[in-house]
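K.L.:
I'd like to ask some things about the structure below.
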Amino acid sequence: METTTNSNFIHDIIDADLAEGRENHVHTRFPPEPNGYLHIGSAKAIWINHSTAKKYGGKFNLRYDDTNPVKEDDEYVRSIYEDLCWLGAKPDNIFYGSDYFDKCYELAIGLIKKGLAYVCDLNADEMREYRGTLTEPGKESPYRNRSVEENLDLFERMKNGEFADGTKTLRAKIDMASPNMNMRDPAIYRILHRSHHRQGDKWCIYPLYDYAHPIQDSIEGITHSLCSIEFENHRPLYDWVVANTGVENHPHQYEFARLNVTNTFMSKRYLREMVETGVVDGWDDPRMPTLCGLRRRGYTPSSILEFVKRAGVAKAYSLVDIGLLEFCIREELNATALRRIAILDPVEVEITNYPEDKEEFFEIANNPNAEDAGTRKVRFSKHILIDREDFALVPPPKFFRMKKDGEVRLMGAYIVKCNEVEIDETGKVTKIYCTADLETGNGNPVDGRKVKGTIHWLDAETAETCDIRLYDRLFTLENVSDMPEDKTYSDYINHDSLTKMEGCKVEPSLKDAAPGEKFQFVRLGYFCADSKYPGSFNRIVTLRDSKGK
């Protein structure tokens, strides 16, 4: 991952902190909850935290926010680390929120002893009612003034498992009339009789994120806690916890706008539901916005990071066109990907005036944009294959590909003229007969006639068979924040987002393509060898942006 970034407001803050002596180093962290796979939105937080630490010669932590045992799993723990390393953001340290459960409990007892926390018996609905509204202050809980001794006893009994889930919480005693709803005596511990993926059954009470997070930041020595903008209203509570628990280090929280992308839902709940109901082929389905899905699709770390950088770092809400991500990978692969020939829907062409026992090998550039990419030899014989779309019985206006009695150039090889066509009982073309201009070869006709069209082709005998998957955007809704309340993500699933082409033909060298290896299939787009299904290729992106048009 690149270690420098363009100037942004976060770096301006850090520059001021260092210049004025408020900090003498920079230490950041990325704190994902291991309850799902990381997605394209996560890449922004990873890039900001990792690149910021590296720019200032600091440290970058990965901390798993595993304080809620309900949906957390070691599968997600492993995938998160793999995704960070793939992006080039290997952490300097790895921690778990659950590492600090004992310390969080100890500090909670300290708050109780200071009269700053109490055990409350209100259930979730009652707490919501007592909380008030944005225009009306909340009401104090009838349990707010329990004695320190009673609260200590009840909290210990909560820890010992004497109470059922939801019957009691530990709440911070702050201000029920605060204009900030997060400061109205927020719950900081709840009862959950669930086994933890690392702690087992040691605990049946778990700290809530707003309480645990600042404590974890302090223990790890985080200097700048960089998070997305939805936590902006939580910052006063973050500062309250830091100030009142007596932790030694005092980190500061700063917020940036989330990465919102067109035609993209990033709710883990929605993504998990699609996986569990079979709408997609797992978390790594190439249509998914997950990093593992993008990786399987063929996106590179550098293209994703370039997209994030171009989207920018700011505090204001913005919606970034997914076409920018497609542009970034298209731009990269245009310069780096080897060219190969693929035919999605093959139809046989016989060159009637070409000898049956003859073969030739034409030199074709591997990448005309890269001088050192060299060339490769492509076999030509009497029987070749072209794509069915490159032939028309009744050609539309300005159709410059193959047609009856018309000439077209075979890329890098001969000019051919279509003479006869075989058609089955359904009207489908089954075979085409052509003659080749053997005198001209792969040059220009000596008589000066113009041949406008050029199509790609493959030798019928040696071409390899494969499956090719063509992907489109998974969702039809451009701005997911505009989704009506009576709708859900399932109303906007694009059921034509995957087209599987079987019996496709490719150059023989692609038989040995490694999973994830990327190519430009000439005239078709950029593709990579699929990592899940051998002998299959995924379209990463088309050659041009057709959506804008």
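Every chain in the structure tokens has a letter given in the order shown (A, B, ...), and although residue numbers restart at 1 in each chain, ligands are simply numbered from 1 in the order shown.
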Just list as a ChimeraX atom specification whatever in range 402-497 of chain A DSSP marks as strand (DSSP E or B).

P.N.:
/A:402-404,407-410,415-423,429-436,454-455,458-459,464-471,475,493

K.L.:
Residues within 10 Å of Glu331 in chain A, please, as a list in words. Count only C-alpha atoms; anything in the same chain fewer than 5 positions from it doesn't count.

P.N.:
Ser303, Leu325, Glu326, Thr336 and Leu543 of chain A

K.L.:
Could you pull out the helix (DSSP H, G or I) residues of range 43-251 of chain A from DSSP and send them as a VMD selection string?

P.N.:
chain A and resid 43 to 55 74 to 87 97 to 113 124 to 131 148 to 159 181 to 183 209 to 220 229 to 245

K.L.:
Applying 10 Å and only C-alpha atoms, which residues near Val26 in chain A remain after dropping the ones on its own chain fewer than 5 positions away? List them as a PyMOL selection string.

P.N.:
chain A and resi 14+17-18+52-60+221-224

K.L.:
Would you save the residues of that selection, restricted to N, CA and C atoms, as a compact mmCIF listing (two decimals), in the first residue's frame?

P.N.:
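Saved result, result-v9.txt, follows:
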```
# COMPACT_ATOMS: atom_id res chain seq x y z
N ILE A 14 -3.37 16.40 12.14
CA ILE A 14 -2.18 15.74 12.69
C ILE A 14 -0.97 16.67 12.61
N ASP A 17 -1.26 18.95 15.49
CA ASP A 17 -0.98 18.25 16.75
C ASP A 17 0.52 18.08 16.97
N LEU A 18 1.21 17.70 15.92
CA LEU A 18 2.66 17.49 16.03
C LEU A 18 3.41 18.81 16.20
N THR A 52 -2.11 6.90 6.68
CA THR A 52 -1.82 8.00 7.59
C THR A 52 -0.71 7.62 8.56
N ALA A 53 -0.81 6.42 9.14
CA ALA A 53 0.24 5.98 10.06
C ALA A 53 1.59 5.91 9.35
N LYS A 54 1.61 5.39 8.14
CA LYS A 54 2.88 5.24 7.44
C LYS A 54 3.45 6.58 7.00
N LYS A 55 2.58 7.52 6.64
CA LYS A 55 3.07 8.84 6.24
C LYS A 55 3.86 9.50 7.35
N TYR A 56 3.41 9.30 8.59
CA TYR A 56 4.06 9.95 9.74
C TYR A 56 5.02 9.01 10.48
N GLY A 57 5.34 7.88 9.86
CA GLY A 57 6.28 6.95 10.49
C GLY A 57 5.73 6.30 11.74
N GLY A 58 4.40 6.15 11.80
CA GLY A 58 3.77 5.61 13.00
C GLY A 58 3.39 4.14 12.86
N LYS A 59 2.51 3.71 13.75
CA LYS A 59 2.07 2.32 13.79
C LYS A 59 0.59 2.22 13.40
N PHE A 60 0.23 1.03 12.88
CA PHE A 60 -1.14 0.76 12.45
C PHE A 60 -1.58 -0.57 13.05
N GLY A 221 -2.61 2.78 22.96
CA GLY A 221 -1.83 3.97 22.68
C GLY A 221 -2.20 4.64 21.38
N ILE A 222 -3.44 4.45 20.94
CA ILE A 222 -3.89 5.10 19.71
C ILE A 222 -3.91 6.61 19.94
N THR A 223 -3.37 7.35 18.98
CA THR A 223 -3.36 8.81 19.11
C THR A 223 -4.53 9.45 18.37
N HIS A 224 -4.84 8.94 17.20
CA HIS A 224 -5.90 9.51 16.37
C HIS A 224 -6.84 8.39 15.97
```

K.L.:
Calculate how many Å separate CA of Asp73 in chain A from CA of Arg235 in chain A, rounding to one decimal.

P.N.:
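Calculated distance between CA of Asp73 in chain A and CA of Arg235 in chain A is 28.4 Å.
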
K.L.:
Which residues come within 7 Å of range 161-169 of chain A, counting only C-alpha atoms, excluding same-chain residues fewer than 2 positions away, as an MDAnalysis selection string?

P.N.:
chainID A and resid 119:123 157:159 171 187 189:193 204

K.L.:
At a cut-off of 12 Å, using only C-alpha atoms, what residues contact Gly115 in chain A? Leave out same-chain residues fewer than 5 positions from it and give the result as a compact mmCIF listing (two decimals) with C-alpha atoms, in the first residue's frame.

P.N.:
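New file result-v4.txt:
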```
# COMPACT_ATOMS: atom_id res chain seq x y z
CA ALA A 108 -16.87 -0.20 34.98
CA ILE A 109 -16.60 -0.99 38.70
CA GLY A 110 -14.57 2.21 39.04
CA ARG A 144 -30.85 5.75 38.63
CA ASN A 145 -30.25 6.55 42.29
CA ARG A 146 -29.45 3.11 43.58
CA SER A 147 -26.62 3.16 46.09
CA VAL A 148 -23.06 2.37 45.11
CA GLU A 149 -23.21 -0.79 47.21
CA GLU A 150 -26.39 -2.04 45.54
CA ASN A 151 -25.02 -1.32 42.07
CA LEU A 152 -21.76 -3.15 42.83
CA ARG A 171 -25.75 2.49 32.30
CA ALA A 172 -23.45 5.49 32.47
CA LYS A 173 -24.93 8.27 34.64
CA ILE A 174 -24.53 11.40 32.50
CA ASN A 244 -14.00 9.42 33.58
CA THR A 245 -12.58 5.90 33.55
```

K.L.:
So which residues touch Leu134 in chain A within 10 Å, counting only C-alpha atoms, skipping near sequence neighbours fewer than 5 positions away, as a list in words?

P.N.:
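Skipping anything fewer than 5 positions along the chain leaves Ser178, Pro179, Asn180 and Met181 of chain A.
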
K.L.:
Take the residues from that selection and put them in a file with N, CA, C and O atoms, as a CSV table (one decimal), in the first residue's frame.

P.N.:
```csv
chain,number,residue,atom,x,y,z
A,178,SER,N,-29.6,15.9,28.1
A,178,SER,CA,-28.6,16.4,27.1
A,178,SER,C,-29.2,16.5,25.7
A,178,SER,O,-30.0,15.6,25.3
A,179,PRO,N,-28.9,17.5,24.9
A,179,PRO,CA,-29.4,17.5,23.5
A,179,PRO,C,-28.8,16.4,22.7
A,179,PRO,O,-29.4,16.1,21.6
A,180,ASN,N,-27.7,15.8,23.1
A,180,ASN,CA,-27.2,14.7,22.4
A,180,ASN,C,-27.7,13.4,23.0
A,180,ASN,O,-27.5,13.1,24.1
A,181,MET,N,-28.5,12.7,22.2
A,181,MET,CA,-29.2,11.5,22.7
A,181,MET,C,-28.2,10.5,23.2
A,181,MET,O,-28.6,9.7,24.1
```

K.L.:
For His50 in chain A, list every protein, DNA or RNA residue within 9 Å, evaluated using only C-alpha atoms, and leave out those in the same chain fewer than 5 positions away; present the list as a list of chain:residue names.

P.N.:
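Here the answer would be A:Met1, A:Thr3, A:Thr28, A:Arg29, A:Phe30, A:Ala45, A:Lys55, A:Lys59, A:Phe60, A:Asn61, A:Ala89, A:Lys90, A:Pro91.
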
K.L.:
Which residues of range 428-510 of chain A come within 12 Å of range 307-324 of chain A, and what is each one's closest atom pair and distance in Å (one decimal), counting only C-alpha atoms, sorted by chain and residue number, as a Markdown table?

P.N.:
```
| residue | atom | partner | partner_atom | distance |
| --- | --- | --- | --- | --- |
| A:Asp472 | CA | A:Ile322 | CA | 11.7 |
| A:Arg473 | CA | A:Ile322 | CA | 9.3 |
| A:Leu474 | CA | A:Ile322 | CA | 11.7 |
| A:Phe475 | CA | A:Ile322 | CA | 11.6 |
| A:Glu478 | CA | A:Asp321 | CA | 8.8 |
| A:Asn479 | CA | A:Leu319 | CA | 7.6 |
| A:Val480 | CA | A:Leu319 | CA | 9.8 |
| A:Ser481 | CA | A:Leu319 | CA | 9.8 |
| A:Asp482 | CA | A:Leu319 | CA | 11.6 |
```

K.L.:
Those residues with N, CA and C atoms, as a PDB file, in the first residue's frame please?

P.N.:
```pdb
ATOM      1  N   ASP A 472     -22.813  -8.061 -14.548  1.00  0.00           N
ATOM      2  CA  ASP A 472     -23.323  -6.697 -14.573  1.00  0.00           C
ATOM      3  C   ASP A 472     -23.544  -6.278 -13.125  1.00  0.00           C
ATOM      4  N   ARG A 473     -24.003  -5.069 -12.917  1.00  0.00           N
ATOM      5  CA  ARG A 473     -24.204  -4.566 -11.555  1.00  0.00           C
ATOM      6  C   ARG A 473     -25.326  -5.331 -10.864  1.00  0.00           C
ATOM      7  N   LEU A 474     -25.100  -5.640  -9.602  1.00  0.00           N
ATOM      8  CA  LEU A 474     -26.020  -6.499  -8.861  1.00  0.00           C
ATOM      9  C   LEU A 474     -27.319  -5.786  -8.503  1.00  0.00           C
ATOM     10  N   PHE A 475     -27.264  -4.456  -8.360  1.00  0.00           N
ATOM     11  CA  PHE A 475     -28.452  -3.706  -7.942  1.00  0.00           C
ATOM     12  C   PHE A 475     -28.807  -2.644  -8.983  1.00  0.00           C
ATOM     13  N   GLU A 478     -29.679   3.276  -8.040  1.00  0.00           N
ATOM     14  CA  GLU A 478     -28.418   4.018  -8.094  1.00  0.00           C
ATOM     15  C   GLU A 478     -27.994   4.513  -6.726  1.00  0.00           C
ATOM     16  N   ASN A 479     -28.885   5.193  -6.009  1.00  0.00           N
ATOM     17  CA  ASN A 479     -28.558   5.749  -4.697  1.00  0.00           C
ATOM     18  C   ASN A 479     -29.364   4.995  -3.646  1.00  0.00           C
ATOM     19  N   VAL A 480     -28.694   4.129  -2.899  1.00  0.00           N
ATOM     20  CA  VAL A 480     -29.416   3.274  -1.958  1.00  0.00           C
ATOM     21  C   VAL A 480     -30.046   4.076  -0.819  1.00  0.00           C
ATOM     22  N   SER A 481     -29.544   5.281  -0.582  1.00  0.00           N
ATOM     23  CA  SER A 481     -30.154   6.113   0.466  1.00  0.00           C
ATOM     24  C   SER A 481     -31.529   6.617   0.041  1.00  0.00           C
ATOM     25  N   ASP A 482     -31.857   6.506  -1.239  1.00  0.00           N
ATOM     26  CA  ASP A 482     -33.172   6.916  -1.728  1.00  0.00           C
ATOM     27  C   ASP A 482     -34.192   5.788  -1.668  1.00  0.00           C
TER      28      ASP A 482
END
```

K.L.:
Which of these, A:Val275, A:Ile10, A:Leu393, A:Val408, has the shortest distance to Leu226 in chain A once you count only C-alpha atoms?

P.N.:
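Going through A:Val275, A:Ile10, A:Leu393, A:Val408 one by one, the smallest distance to Leu226 in chain A is for A:Ile10.
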
K.L.:
Mind dumping a table of every range 231-341 of chain A residue within 7 Å of range 510-519 of chain A, with the nearest atom pair and its distance in Å to one decimal, using only C-alpha atoms, sorted by chain and rising number, as a tab-separated table?

P.N.:
```
residue	atom	partner	partner_atom	distance
A:Arg296	CA	A:Gly516	CA	6.7
A:Gly298	CA	A:Gly516	CA	6.2
A:Ala337	CA	A:Phe519	CA	4.9
A:Leu338	CA	A:Phe519	CA	5.1
A:Arg339	CA	A:Phe519	CA	5.8
A:Arg340	CA	A:Phe519	CA	6.6
```

K.L.:
If you measure from CA of Phe231 in chain A to CA of Ala177 in chain A, what distance in Å do you get, rounded to one decimal?

P.N.:
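So the two atoms, CA of Phe231 in chain A and CA of Ala177 in chain A, lie 20.3 Å apart.
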
K.L.:
For Glu507 in chain A, which residue among A:Phe380, A:Phe155, A:Tyr433, A:Tyr489 is the nearest when counting only C-alpha atoms?

P.N.:
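Among the listed residues, A:Phe380 lies closest to Glu507 in chain A.
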
K.L.:
Nearest residue to Ile219 in chain A out of A:Glu248, A:Asp496, A:Asp83, A:Asp201, using only C-alpha atoms?

P.N.:
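With only C-alpha atoms as the atom set, the closest residue is A:Glu248.
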
K.L.:
I'd like the interatomic distance between CA of His11 in chain A and CA of Ile229 in chain A, to a tenth of an Å.

P.N.:
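Between these atoms lies a distance of 16.5 Å.
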
K.L.:
Taking only C-alpha atoms into account, name the residue in A:Asn353, A:Asn260, A:Thr476, A:Gln253 that is nearest to Val416 in chain A.

P.N.:
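Nearest candidate to Val416 in chain A out of A:Asn353, A:Asn260, A:Thr476, A:Gln253: A:Asn353.
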